[in-house]
Structure formats: structure tokens, C-alpha cells
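Student: This is input_6.txt (compact mmCIF, C-alpha atoms).
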# COMPACT_ATOMS: atom_id res chain seq x y z
CA MET A 1 34.01 -17.27 -18.98
CA ASP A 2 33.69 -13.56 -18.59
CA VAL A 3 31.90 -12.70 -15.38
CA LYS A 4 30.42 -9.62 -17.03
CA ASN A 5 28.71 -11.84 -19.59
CA ILE A 6 27.50 -14.22 -16.92
CA ILE A 7 25.87 -11.38 -15.02
CA GLU A 8 24.42 -9.94 -18.19
CA VAL A 9 22.71 -13.22 -19.10
CA LEU A 10 21.49 -13.69 -15.53
CA ILE A 11 19.86 -10.29 -15.56
CA HIS A 12 18.45 -11.02 -18.98
CA SER A 13 16.85 -14.26 -17.77
CA SER A 14 15.90 -13.48 -14.20
CA PRO A 15 12.15 -13.22 -13.62
CA SER A 16 12.69 -10.67 -10.85
CA PRO A 17 15.35 -8.03 -10.24
CA LEU A 18 18.67 -9.87 -9.82
CA SER A 19 20.08 -9.39 -6.35
CA GLN A 20 23.53 -9.93 -4.90
CA LYS A 21 22.01 -12.88 -3.06
CA ASP A 22 20.84 -14.46 -6.33
CA LEU A 23 24.33 -14.01 -7.77
CA ASN A 24 26.02 -15.52 -4.74
CA HIS A 25 23.75 -18.51 -5.07
CA VAL A 26 24.51 -18.97 -8.77
CA LEU A 27 28.25 -18.56 -8.32
CA ASP A 28 28.47 -20.74 -5.21
CA ASP A 29 29.40 -17.80 -3.04
CA LYS A 30 32.37 -16.67 -5.05
CA LYS A 31 32.64 -13.09 -3.93
CA ILE A 32 31.71 -11.04 -6.96
CA ASN A 33 30.47 -7.51 -6.39
CA LEU A 34 27.33 -7.24 -8.49
CA GLU A 35 27.03 -3.48 -8.28
CA LYS A 36 30.57 -2.98 -9.58
CA ILE A 37 30.06 -5.27 -12.57
CA ILE A 38 26.72 -3.63 -13.36
CA LYS A 39 28.47 -0.29 -13.53
CA GLU A 40 30.93 -1.74 -16.04
CA ILE A 41 28.18 -3.26 -18.15
CA ASN A 42 26.25 0.00 -18.15
CA LYS A 43 29.41 1.80 -19.22
CA ASP A 44 29.75 -0.63 -22.14
CA TYR A 45 26.14 0.00 -23.10
CA GLU A 46 26.68 3.70 -22.97
CA LYS A 47 29.79 3.50 -25.11
CA ALA A 48 27.91 1.45 -27.68
CA ASP A 49 24.91 3.82 -27.39
CA LYS A 50 22.44 1.02 -26.67
CA GLY A 51 18.71 1.30 -26.09
CA LEU A 52 18.98 -0.74 -22.92
CA THR A 53 20.29 0.03 -19.50
CA ILE A 54 20.42 -1.75 -16.15
CA GLU A 55 18.74 -0.11 -13.18
CA LYS A 56 18.60 -0.86 -9.50
CA ILE A 57 15.01 -1.74 -8.67
CA ALA A 58 13.61 -3.06 -5.39
CA GLY A 59 17.01 -4.14 -4.12
CA GLY A 60 18.08 -5.93 -7.33
CA TYR A 61 19.02 -5.13 -10.91
CA GLN A 62 16.78 -5.13 -13.94
CA LEU A 63 17.46 -4.71 -17.63
CA LEU A 64 15.18 -1.96 -18.92
CA SER A 65 14.60 -0.21 -22.18
CA LYS A 66 15.34 3.50 -22.08
CA LYS A 67 12.20 5.51 -21.65
CA GLU A 68 12.71 7.58 -24.82
CA TYR A 69 11.83 4.46 -26.83
CA HIS A 70 8.50 3.78 -25.13
CA PHE A 71 6.53 4.97 -28.14
CA TYR A 72 7.77 2.09 -30.29
CA ILE A 73 7.32 -0.53 -27.60
CA GLU A 74 3.79 0.59 -26.93
CA ARG A 75 3.02 0.29 -30.63
CA LEU A 76 4.42 -3.21 -30.61
CA LEU A 77 2.43 -4.24 -27.57
CA GLN A 78 -0.59 -2.33 -28.85
CA GLU A 79 -2.66 -2.04 -25.78
CA THR A 80 -1.57 0.00 -22.83
CA ARG A 81 -3.00 -1.52 -19.75
CA LYS A 82 -0.66 -0.39 -17.06
CA PRO A 83 -2.30 -0.03 -13.67
CA ARG A 84 -3.72 3.40 -13.07
CA PHE A 85 -3.84 4.90 -9.66
CA SER A 86 -6.53 7.21 -8.42
CA LYS A 87 -5.58 10.36 -6.57
CA ALA A 88 -6.81 8.73 -3.39
CA ALA A 89 -4.62 5.68 -4.02
CA MET A 90 -1.56 7.82 -4.77
CA GLU A 91 -2.04 9.89 -1.64
CA THR A 92 -2.50 6.82 0.52
CA LEU A 93 0.53 5.15 -1.05
CA SER A 94 2.76 8.13 -0.46
CA ILE A 95 1.63 8.53 3.13
CA VAL A 96 2.41 4.89 3.83
CA ALA A 97 5.67 5.05 1.84
CA TYR A 98 7.00 7.92 3.94
CA LYS A 99 5.53 7.16 7.34
CA GLN A 100 5.45 3.38 7.53
CA SER A 101 4.50 1.51 9.44
CA LEU A 102 1.24 3.17 10.40
CA THR A 103 -2.43 2.47 11.06
CA ARG A 104 -5.49 3.25 8.98
CA ILE A 105 -6.56 5.89 11.52
CA GLU A 106 -3.23 7.70 11.09
CA ILE A 107 -3.62 7.67 7.32
CA GLU A 108 -7.17 8.95 7.62
CA HIS A 109 -6.10 11.68 9.99
CA ILE A 110 -3.77 13.07 7.34
CA ARG A 111 -6.14 12.66 4.40
CA GLY A 112 -9.22 13.70 6.35
CA VAL A 113 -11.33 11.04 4.64
CA ASP A 114 -12.21 7.40 5.05
CA CYS A 115 -9.45 5.26 3.52
CA SER A 116 -10.64 1.70 4.13
CA GLY A 117 -11.64 1.08 0.50
CA VAL A 118 -8.40 2.45 -0.91
CA ILE A 119 -6.32 0.47 1.56
CA LYS A 120 -8.14 -2.74 0.71
CA ASN A 121 -7.57 -2.12 -2.97
CA LEU A 122 -3.85 -1.49 -2.46
CA LEU A 123 -3.58 -4.61 -0.30
CA ASP A 124 -5.27 -6.66 -3.03
CA LYS A 125 -2.89 -5.28 -5.62
CA GLY A 126 0.04 -6.24 -3.40
CA LEU A 127 1.33 -2.69 -3.05
CA LEU A 128 0.63 -2.54 0.66
CA ALA A 129 0.99 -5.27 3.24
CA ILE A 130 0.04 -5.70 6.84
CA LYS A 131 2.94 -5.86 9.18
CA GLY A 132 1.66 -6.75 12.59
CA ARG A 133 -0.37 -4.67 14.94
CA ASP A 134 0.03 -1.41 16.75
CA GLU A 135 1.04 -1.59 20.40
CA GLY A 136 -1.60 0.95 21.38
CA LEU A 137 -5.20 0.59 22.34
CA GLY A 138 -7.24 -1.51 19.93
CA ARG A 139 -4.11 -3.10 18.44
CA ALA A 140 -4.86 -1.65 15.01
CA LEU A 141 -3.25 -3.21 11.93
CA LEU A 142 -0.04 -1.59 10.73
CA TYR A 143 0.52 -1.01 7.02
CA VAL A 144 3.76 -0.98 5.05
CA THR A 145 4.65 -0.75 1.36
CA THR A 146 5.90 -3.89 -0.43
CA PRO A 147 8.72 -4.69 -2.87
CA VAL A 148 6.00 -4.77 -5.53
CA PHE A 149 5.48 -1.09 -4.84
CA LEU A 150 9.21 -0.41 -5.28
CA GLU A 151 9.29 -2.40 -8.50
CA LEU A 152 6.25 -0.74 -10.01
CA PHE A 153 7.54 2.73 -9.20
CA GLY A 154 11.11 1.95 -10.21
CA LEU A 155 12.59 2.62 -6.79
CA SER A 156 15.67 0.86 -5.56
CA SER A 157 14.64 1.19 -1.93
CA LEU A 158 12.57 3.46 0.27
CA LYS A 159 15.60 5.71 0.61
CA ASP A 160 15.14 6.35 -3.08
CA LEU A 161 11.89 8.24 -2.51
CA PRO A 162 11.94 11.90 -3.45
CA THR A 163 12.62 13.94 -0.36
CA LEU A 164 9.54 15.13 1.41
CA ASP A 165 9.23 18.91 1.40
CA GLU A 166 9.74 20.39 4.76
CA LEU A 167 6.52 22.27 5.52
CA ASN A 168 6.05 24.47 2.49
CA GLY A 169 6.36 23.38 -1.10
CA VAL B 1 -23.94 33.92 -3.80
CA LEU B 2 -22.52 30.82 -5.37
CA ASP B 3 -19.35 31.15 -7.32
CA ASN B 4 -19.54 29.37 -10.59
CA ASP B 5 -16.16 27.83 -10.24
CA TYR B 6 -17.41 25.80 -7.29
CA LYS B 7 -19.65 23.84 -9.56
CA ILE B 8 -17.00 23.13 -12.10
CA ARG B 9 -14.45 22.09 -9.61
CA LEU B 10 -16.61 19.97 -7.40
CA ASP B 11 -15.36 16.69 -8.79
CA ASN B 12 -11.80 17.63 -8.16
CA PHE B 13 -12.20 17.80 -4.45
CA GLU B 14 -11.61 14.63 -2.68
CA GLY B 15 -12.19 15.60 0.87
CA PRO B 16 -12.41 18.43 3.35
CA MET B 17 -8.64 18.91 3.37
CA ASP B 18 -8.62 19.45 -0.39
CA LEU B 19 -11.43 21.94 -0.04
CA LEU B 20 -9.55 23.92 2.61
CA LEU B 21 -6.43 23.92 0.47
CA TYR B 22 -8.48 25.12 -2.45
CA PHE B 23 -9.68 28.16 -0.48
CA ILE B 24 -6.17 28.80 0.73
CA ASN B 25 -4.72 28.75 -2.76
CA ARG B 26 -7.60 30.66 -4.33
CA ASP B 27 -7.48 33.52 -1.84
CA ARG B 28 -3.71 33.34 -1.31
CA ILE B 29 -4.27 32.82 2.35
CA ASP B 30 -1.28 32.71 4.67
CA ILE B 31 -1.56 29.25 6.18
CA TYR B 32 -0.06 30.52 9.43
CA ASP B 33 -2.73 33.19 9.76
CA ILE B 34 -5.95 31.72 8.44
CA PRO B 35 -8.93 34.09 8.53
CA ILE B 36 -11.01 31.46 10.24
CA SER B 37 -14.30 33.31 10.05
CA LYS B 38 -14.12 33.77 6.29
CA ILE B 39 -12.89 30.27 5.56
CA THR B 40 -15.61 28.80 7.78
CA ASN B 41 -18.27 30.73 5.89
CA ASP B 42 -16.84 29.67 2.54
CA TYR B 43 -16.69 26.10 3.71
CA LEU B 44 -20.25 26.00 5.01
CA GLU B 45 -21.52 27.66 1.88
CA HIS B 46 -19.79 25.06 -0.17
CA ILE B 47 -21.36 22.23 1.77
CA LYS B 48 -24.77 23.83 1.46
CA MET B 49 -24.22 24.03 -2.26
CA MET B 50 -23.23 20.41 -2.42
CA GLU B 51 -26.45 19.51 -0.66
CA LEU B 52 -28.41 21.69 -3.05
CA MET B 53 -26.88 19.83 -5.92
CA ASP B 54 -27.90 16.56 -4.33
CA ILE B 55 -24.35 15.58 -3.74
CA ASP B 56 -24.06 13.23 -0.87
CA VAL B 57 -22.06 15.21 1.64
CA ALA B 58 -19.83 12.74 3.36
CA ALA B 59 -19.54 12.64 7.11
CA GLU B 60 -15.95 13.88 6.82
CA PHE B 61 -17.16 17.20 5.42
CA ILE B 62 -19.62 17.66 8.24
CA TYR B 63 -16.95 16.79 10.76
CA MET B 64 -14.57 19.39 9.38
CA SER B 65 -17.27 22.02 9.54
CA THR B 66 -17.70 21.37 13.25
CA VAL B 67 -13.94 21.66 13.68
CA LEU B 68 -13.99 25.01 11.92
CA LEU B 69 -16.96 26.28 13.91
CA GLN B 70 -15.29 25.25 17.11
CA ILE B 71 -12.13 27.15 16.23
CA LYS B 72 -14.19 30.14 15.19
CA ALA B 73 -16.01 30.15 18.53
CA ARG B 74 -12.77 29.89 20.47
CA MET B 75 -11.29 32.76 18.47
CA LEU B 76 -14.17 34.97 19.57
CA LEU B 77 -13.49 34.41 23.24
CA PRO B 78 -11.20 36.83 24.99
CA LYS B 79 -7.66 35.49 24.95
CA ALA B 80 -7.43 32.97 27.73
CA MET B 81 -4.34 32.90 29.86
CA GLY B 82 -2.72 29.74 31.16
CA GLU B 83 -2.04 29.19 34.81
CA ASP B 84 1.48 30.53 34.61
CA GLY B 85 0.26 33.64 32.85
CA GLU B 86 1.33 32.41 29.41
CA GLU B 87 -1.00 32.70 26.51
CA ILE B 88 -2.80 29.50 25.63
CA GLU B 89 -1.95 28.47 22.13
CA ASP B 90 -3.82 29.73 19.11
CA PRO B 91 -6.89 27.54 18.53
CA ARG B 92 -5.90 27.31 14.87
CA VAL B 93 -2.60 25.53 15.54
CA ASP B 94 -3.85 21.96 15.14
CA LEU B 95 -5.68 22.76 11.96
CA VAL B 96 -2.63 24.53 10.52
CA HIS B 97 -0.49 21.48 11.24
CA ARG B 98 -2.99 19.21 9.60
CA ILE B 99 -3.23 21.36 6.51
CA LEU B 100 0.55 21.60 6.20
CA ASP B 101 0.92 17.88 6.71
CA TYR B 102 -1.68 17.16 4.08
CA LYS B 103 -0.06 19.58 1.67
CA ARG B 104 3.27 17.86 2.04
CA PHE B 105 1.80 14.47 1.24
CA LYS B 106 -0.18 15.86 -1.64
CA ASN B 107 3.06 17.13 -3.12
CA ALA B 108 4.78 13.87 -2.35
CA SER B 109 2.02 11.95 -4.08
CA ARG B 110 2.37 14.15 -7.15
CA ASP B 111 6.13 13.50 -7.23
CA LEU B 112 5.56 9.81 -6.77
CA GLY B 113 3.01 9.87 -9.59
CA ASN B 114 5.58 11.48 -11.88
CA GLN B 115 8.13 8.89 -10.87
CA TYR B 116 5.60 6.18 -11.75
CA GLU B 117 4.75 7.70 -15.14
CA SER B 118 8.39 8.00 -16.01
CA HIS B 119 9.25 4.49 -14.89
CA GLN B 120 6.34 3.01 -16.81
CA LYS B 121 8.02 4.17 -20.01
CA LYS B 122 10.81 1.69 -19.44
CA PHE B 123 10.13 -1.93 -20.27
CA ILE B 124 11.57 -5.17 -19.09
CA LYS B 125 12.33 -7.94 -21.51
CA GLY B 126 9.32 -9.52 -23.19
CA MET B 127 6.94 -7.75 -20.89
CA SER B 128 3.30 -7.93 -21.69
CA MET B 129 1.52 -4.71 -20.94
CA SER B 130 -0.48 -6.10 -18.12
CA TYR B 131 2.36 -5.70 -15.73
CA ARG B 132 2.89 -8.60 -13.43
CA PRO B 133 5.19 -7.68 -10.62
CA SER B 134 7.67 -10.50 -10.28
CA HIS B 135 8.13 -10.33 -6.56
CA ASP B 136 6.67 -13.07 -4.52
CA ILE B 137 4.48 -11.27 -2.06
CA SER B 138 4.79 -14.02 0.51
CA LEU B 139 8.46 -13.13 0.91
CA LEU B 140 7.60 -10.09 2.89
CA ILE B 141 4.73 -11.48 4.83
CA THR B 142 5.61 -11.56 8.47
CA GLU B 143 4.77 -14.24 10.95
CA GLN B 144 1.54 -12.53 11.87
CA VAL B 145 0.49 -11.81 8.34
CA LYS B 146 0.59 -15.46 7.51
CA LEU B 147 -2.36 -15.75 9.82
CA PHE B 148 -4.28 -13.30 7.65
CA ASP B 149 -3.52 -15.48 4.65
CA LEU B 150 -4.63 -18.53 6.49
CA ALA B 151 -7.84 -16.82 7.49
CA GLN B 152 -8.37 -15.76 3.88
CA THR B 153 -7.81 -19.31 2.65
CA PHE B 154 -10.30 -20.63 5.15
CA LYS B 155 -12.78 -17.98 4.17
CA ASN B 156 -12.40 -19.07 0.55
CA ILE B 157 -13.01 -22.66 1.56
CA LEU B 158 -16.07 -21.76 3.61
CA ASP B 159 -17.40 -19.64 0.76
CA SER B 160 -16.99 -22.53 -1.64
CA LEU B 161 -19.04 -24.92 0.47
CA PRO B 162 -22.50 -25.72 -0.82
CA GLU B 163 -25.36 -23.78 0.69
CA ASN B 164 -27.00 -26.74 2.40
CA ASN B 165 -23.97 -26.96 4.57
CA GLU B 166 -25.11 -23.82 6.29
CA LEU B 167 -27.30 -25.52 8.81
CA ASP B 168 -25.64 -28.05 10.97
CA LEU B 169 -27.79 -28.77 13.93
CA VAL B 170 -26.08 -31.95 15.00
CA ALA B 171 -24.28 -31.27 18.22
CA ASP B 172 -20.70 -30.87 17.14
CA LYS B 173 -18.51 -33.75 18.05
CA ILE B 174 -15.46 -31.97 16.91
CA ASN B 175 -13.40 -30.12 19.38
CA ILE B 176 -10.10 -28.40 18.92
CA LYS B 177 -8.20 -30.91 20.97
CA ASP B 178 -9.29 -33.73 18.65
CA GLN B 179 -8.36 -31.66 15.66
CA ILE B 180 -4.91 -30.99 17.10
CA ILE B 181 -4.38 -34.68 17.71
CA PHE B 182 -5.60 -35.45 14.21
CA MET B 183 -3.23 -32.97 12.66
CA LYS B 184 -0.27 -34.13 14.72
CA GLN B 185 -0.94 -37.65 13.46
CA ILE B 186 -0.82 -36.54 9.86
CA LEU B 187 2.33 -34.56 10.48
CA ASP B 188 4.01 -37.52 12.13
CA GLU B 189 3.13 -39.67 9.15
CA LYS B 190 3.86 -37.28 6.35
CA GLY B 191 5.89 -34.45 7.84
CA GLU B 192 4.14 -32.00 5.52
CA PHE B 193 0.77 -31.61 3.88
CA LEU B 194 -1.30 -29.21 1.85
CA LEU B 195 -4.12 -27.47 3.63
CA THR B 196 -6.57 -28.35 0.87
CA SER B 197 -5.76 -32.04 1.26
CA LEU B 198 -7.76 -31.95 4.49
CA ILE B 199 -10.76 -30.57 2.73
CA ASP B 200 -13.69 -32.61 1.82
CA LYS B 201 -16.75 -30.94 0.38
CA ASP B 202 -18.99 -32.97 2.66
CA SER B 203 -17.39 -31.77 5.83
CA SER B 204 -19.31 -29.27 7.87
CA ARG B 205 -18.41 -25.69 8.53
CA ILE B 206 -17.84 -26.46 12.14
CA TYR B 207 -15.23 -29.01 11.06
CA PHE B 208 -13.32 -26.33 9.15
CA ILE B 209 -13.58 -23.85 11.94
CA GLY B 210 -12.22 -26.47 14.34
CA LEU B 211 -9.43 -27.15 11.90
CA PHE B 212 -8.64 -23.49 11.61
CA LEU B 213 -8.48 -22.98 15.36
CA ALA B 214 -6.37 -26.11 15.74
CA ILE B 215 -3.88 -24.76 13.22
CA LEU B 216 -3.74 -21.44 15.02
CA GLU B 217 -3.14 -23.22 18.27
CA LEU B 218 -0.32 -25.31 16.79
CA VAL B 219 1.27 -22.19 15.34
CA ARG B 220 1.04 -20.47 18.66
CA GLU B 221 2.78 -23.41 20.27
CA ASN B 222 5.35 -23.19 17.51
CA LYS B 223 4.72 -26.80 16.49
CA ILE B 224 3.99 -26.12 12.85
CA SER B 225 4.88 -23.57 10.24
CA PHE B 226 3.36 -22.76 6.93
CA LYS B 227 4.48 -21.68 3.56
CA GLN B 228 2.57 -20.10 0.76
CA THR B 229 3.99 -19.54 -2.68
CA LYS B 230 1.44 -17.03 -3.87
CA THR B 231 -1.20 -14.94 -2.16
CA TYR B 232 -4.39 -17.00 -1.82
CA SER B 233 -2.65 -20.12 -3.07
CA ASP B 234 -2.70 -23.37 -1.17
CA ILE B 235 -0.83 -23.48 2.11
CA HIS B 236 1.86 -26.03 2.92
CA ILE B 237 1.81 -27.03 6.54
CA SER B 238 4.92 -28.62 7.98
CA LYS B 239 6.33 -29.64 11.31
CA VAL B 240 8.74 -27.36 13.07
CA SER B 241 11.77 -29.52 13.65
Can I see the file as C-alpha cells?
Tutor:
Amino acid sequence: MDVKNIIEVLIHSSPSPLSQKDLNHVLDDKKINLEKIIKEINKDYEKADKGLTIEKIAGGYQLLSKKEYHFYIERLLQETRKPRFSKAAMETLSIVAYKQSLTRIEIEHIRGVDCSGVIKNLLDKGLLAIKGRDEGLGRALLYVTTPVFLELFGLSSLKDLPTLDELNG
Amino acid sequence: VLDNDYKIRLDNFEGPMDLLLYFINRDRIDIYDIPISKITNDYLEHIKMMELMDIDVAAEFIYMSTVLLQIKARMLLPKAMGEDGEEIEDPRVDLVHRILDYKRFKNASRDLGNQYESHQKKFIKGMSMSYRPSHDISLLITEQVKLFDLAQTFKNILDSLPENNELDLVADKINIKDQIIFMKQILDEKGEFLLTSLIDKDSSRIYFIGLFLAILELVRENKISFKQTKTYSDIHISKVS
């Protein structure tokens, strides 16, 4: 059977972004380079001018509709209930995304306001996680972003973040 | 004295840093050469206005005003010289760094917001609009974080106990050592068990707390490990072989 088709159906059926590890497991460790095959599949899609494309998200691959068709999908699904982020949540998320891991005090120092409520909210939503404690005095909790964050924002990894402006911007 | 635009824009300001940036943008202030006296006056006026409008001025705003006043006072002093004759740094330096840092992250958060908006226009197969991230959060929970989950699970259990369980004046006969022995027995018999299987609505709070501490102790000794499939779901406890 065509390996391209196998990978296509796996991506189609996988509940989470399909990773190289998932593929190795399915194919009993036959060395198949997932990224290379994905490129070929995407090329096929492009040639056929499809509405779908495969993107690298949170370390795996996901089959996504192209964004120019969102209007129709939203009509189909009727209600738009995607999570909304407050300005405070977005600021806190980006600070953690770029500077992780860091403590609440460090986040608050940058934002100049109390962040405990926002952090709790982001923890509850699974976008932030606690990763141990600071070595310093008080052993404050250290926060990091999660794969859920990457998935929700369509990032392949933290390296995928837009570059932070140096000083002015 | 009050500018009208203050009133309109009040809601937009999140904190003192936003307010400072607002003044900087409005008056096209060079961040590296902030007219501290003017910005302090503007800032204090703004706070006064917030109070006038019965807006609860958060402690952060007050704190920033003391920072500004302090800098202003230091600027008025004759330039101090360091021991080696070098000029002591500009009292504004820290504030400038903070403002620049904040500005960078504000921009970053705007970019990230755009990235989010754009990504939300792409859909995965058969996705319902209430987006359920498919990643299992427990995958990234570190050794220590599992303890937070455990604590949360215990808190849920304690919260679910009936009220009359609150008072337990009988001298507690449960100590951690007994609980450890008890748990080791179960593990020897079964090898693995669910945390909730130990729970009996009639047990006292002190029993659960003993259980909790016993589990922590066994984890510390590396005798047991636990697994959780979803946040706040039941916890599987198993022997470390």
C-alpha cells in the first residue's frame, strides 16, 4: 500500500496532531520520514487545488481547512464559540511564551499589575502549566506554556513564535 | 484641567504601565529622555480623576505614583558622583527599561493575538466550535506537578464530604505510618489501584489527610508512582518496580 495514503488516513483519523513517534509506532519502527511525505502530500493537494492542507502544529501534523473558507464552515457550525482571550490573558501568555519558565512575580514585574487571577484562569484552561519551583528564596512556582497553547495558536513549537522586537517596535 | 479623552479611554487602560505608555505615545515622548516632572503630574492627575469618578484605584497605580515621585525627587538633587568620580546612573534608567520591556511584550501579545485569529479560521476535521484541544495535559506534567494534581484531587474529595464530617473530636487513631503500611498491603495484593477506591464517604477528614501524607511520603521514597489520564480525573497509583 502507498505510504502516502497510509499517512494521509492516519492524519485524517488522529485525534491529536500526528507525530513522527505516532507513525513509528503504527509502522513498527519502519523508518519513514513523516515530514518528507507530508511535503509530498501537500504538493499533491496544491496541484489539485484542494481546500485542505497539512500543517505542523505542536510537534505533529494536522489536516486543516484553508482559512479563506472559514466563512462557510462557520455557517455550517452556526455558533462561533472559540475561546476569547482578554488583553490581560494575551499579555500574560506572551510573557510566559517568550520568557519561560518564570514566576508570577516576574510576570507581574513586567505587566505592573497583579496577575494571579489571569494565571489561574490560564492554568485552568490548560494553556499554562506549573513546572517545578524556582531555586531562589520562597521557592516560587515556575510557569510554562503547554502543547495546548501551541495547538490553539497554530504553532509548531516555541521557536515558531514571532520574533520579539528588540527594544523599539 | 481634565482632558476629555481621559474619560473616554479609561477602560482601555489595564495598569500603570499602559497609562505611562499612553502618555508617551500621546505626547510623542522620547522614552530615553522622559520629562519626569510632566509625566508625574499627568499621572497623578489621572489617578485623582479616577478617584473622582469613583473608580477603585488599584494598589498598582498608587505604587507607580510613588516610583515616579521618587524619581522626580532624585532628579531634583544635584548630580551625585560615585566614589570613583563617575556619574551615578540616571534615576530614570530602571523605569525606562521597564517601559521598554512592557512595550515589547505588548507588541508580542498583539502579534500572538493575530496569529490566534488567523489560526482559528482553519478547522480540523469534524470539529465542533467549542474547541477541545486534543493534547493530554498530563503528558507534560512533571514529577512535581503531579503532586499539585494529587492535592487538587484530595481537595475535591474533601469538598465532597458531607458537612457533618467537619467536626471530628475523637482523638485520631490514624497516623501516617499506619496509612503507609495499609497502602503497601494493597499494593502488594493488587499492584495498582485507583485513588477513589480508597474513599468511603463515612471516613473522616483526618483519614484522608493521613492518606494524602502517606502517598506523598511513598512518592518521596520512590515506592509508588501515579498516572492521571485527564486533569482532575481519578489517579492510578502503582508500585514502582
Student: Taking only residues of chain A that have an atom at most 8 Å from an atom of chain B, what is each one's shortest atom pair and its distance in Å to one decimal, using all atoms listed in the file, in chain and number order, as a tab-separated table?
Tutor:
residue	atom	partner	partner_atom	distance
A:His12	CA	B:Lys125	CA	7.3
A:Pro15	CA	B:Ser134	CA	6.2
A:Ser16	CA	B:Ser134	CA	5.1
A:Gln62	CA	B:Ile124	CA	7.3
A:Leu63	CA	B:Ile124	CA	6.1
A:Leu64	CA	B:Ile124	CA	4.8
A:Ser65	CA	B:Lys122	CA	5.0
A:Lys66	CA	B:Lys122	CA	5.5
A:Lys67	CA	B:Lys122	CA	4.6
A:Glu68	CA	B:Lys121	CA	7.5
A:Tyr69	CA	B:Lys121	CA	7.8
A:His70	CA	B:Lys121	CA	5.2
A:Ile73	CA	B:Phe123	CA	8.0
A:Leu77	CA	B:Met129	CA	6.7
A:Glu79	CA	B:Met129	CA	6.9
A:Thr80	CA	B:Met129	CA	5.9
A:Arg81	CA	B:Ser130	CA	5.5
A:Lys82	CA	B:Ser130	CA	5.8
A:Pro83	CA	B:Tyr131	CA	7.6
A:Ala88	CA	B:Glu14	CA	7.6
A:Met90	CA	B:Ser109	CA	5.5
A:Glu91	CA	B:Ser109	CA	5.2
A:Leu93	CA	B:Ser109	CA	7.6
A:Ser94	CA	B:Ser109	CA	5.3
A:Ile95	CA	B:Phe105	CA	6.2
A:Ile110	CA	B:Tyr102	CA	5.6
A:Arg111	CA	B:Tyr102	CA	6.3
A:Gly112	CA	B:Met17	CA	6.0
A:Val113	CA	B:Glu60	CA	5.8
A:Asp114	CA	B:Glu60	CA	7.7
A:Gly126	CA	B:Ile137	CA	6.8
A:Ala129	CA	B:Ile141	CA	7.4
A:Ile130	CA	B:Val145	CA	6.3
A:Lys131	CA	B:Thr142	CA	6.3
A:Gly132	CA	B:Gln144	CA	5.8
A:Thr146	CA	B:Leu140	CA	7.2
A:Pro147	CA	B:His135	CA	6.8
A:Val148	CA	B:Pro133	CA	5.9
A:Glu151	CA	B:Pro133	CA	7.0
A:Leu152	CA	B:Pro133	CA	7.0
A:Phe153	CA	B:Tyr116	CA	4.7
A:Gly154	CA	B:His119	CA	5.6
A:Leu161	CA	B:Leu112	CA	7.8
A:Pro162	CA	B:Asp111	CA	7.1
A:Leu164	CA	B:Ala108	CA	6.2
A:Asp165	CA	B:Arg104	CA	6.1
A:Glu166	CA	B:Arg104	CA	7.5
A:Leu167	CA	B:Leu100	CA	6.0
A:Asn168	CA	B:Arg104	CA	7.2
A:Gly169	CA	B:Arg104	CA	7.1
Student: Would you list the residues near (4.0, -1.9, 5.0) (no more than 9 Å away, in the coordinates of the file, using all atoms listed in the file) as a ChimeraX atom specification?
Tutor: /A:96-97,100-102,127-131,142-146
Student: Quick one: pull the distance between CA of Thr196 in chain B and CA of Ile235 in chain B, Å, one decimal.
Tutor: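 Straight-line distance from CA of Thr196 in chain B to CA of Ile235 in chain B works out to 7.6 Å.
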Student: Mind pulling up the distance from CA of Asn121 in chain A to CA of Glu55 in chain A?
Tutor: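 So the two atoms, CA of Glu55 in chain A and CA of Asn121 in chain A, lie 28.3 Å apart.
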Student: Choose the residue, out of A:Leu34, A:Ile11, A:Cys115, A:Met1, that has the smallest atom-to-atom separation from Lys87 in chain A; count all atoms listed in the file.
Tutor: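 Nearest candidate to Lys87 in chain A out of A:Leu34, A:Ile11, A:Cys115, A:Met1: A:Cys115.
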Student: One decimal, in Å: what's the spacing between CA of Gly51 in chain A and CA of Leu18 in chain A?
Tutor: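 Rounded to one decimal, the two atoms are 19.7 Å apart.
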Student: Can you pull out every residue within 9 Å of Gly210 in chain B, counting all atoms listed in the file, but drop anything in the same chain fewer than 6 positions away, and send it as number ranges by chain?
Tutor: B: 174-179
Student: Give me the box for range 111-128 of chain B as JSON, namely the centre and edge lengths in Å to one decimal of a box along x, y and z that holds every listed atom plus 8 Å on each side.
Tutor:
{"center_x": 7.7, "center_y": 2.0, "center_z": -15.0, "size_x": 25.3, "size_y": 39.0, "size_z": 32.4}
Student: Extract, using only C-alpha atoms, all DNA, RNA and protein residues at most 10 Å from Lys38 in chain B, discarding same-chain residues fewer than 6 positions from it, and format them as a list of chain:residue names.
Tutor: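 Answer for this query is B:Phe23, B:Leu44, B:Lys72.
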Student: Could you give me, as an MDAnalysis selection string, the residues within 9 Å of Leu187 in chain B, counting all atoms listed in the file and dropping anything in the same chain fewer than 3 positions from it?
Tutor: chainID B and resid 182:184 190:193 224 237:239
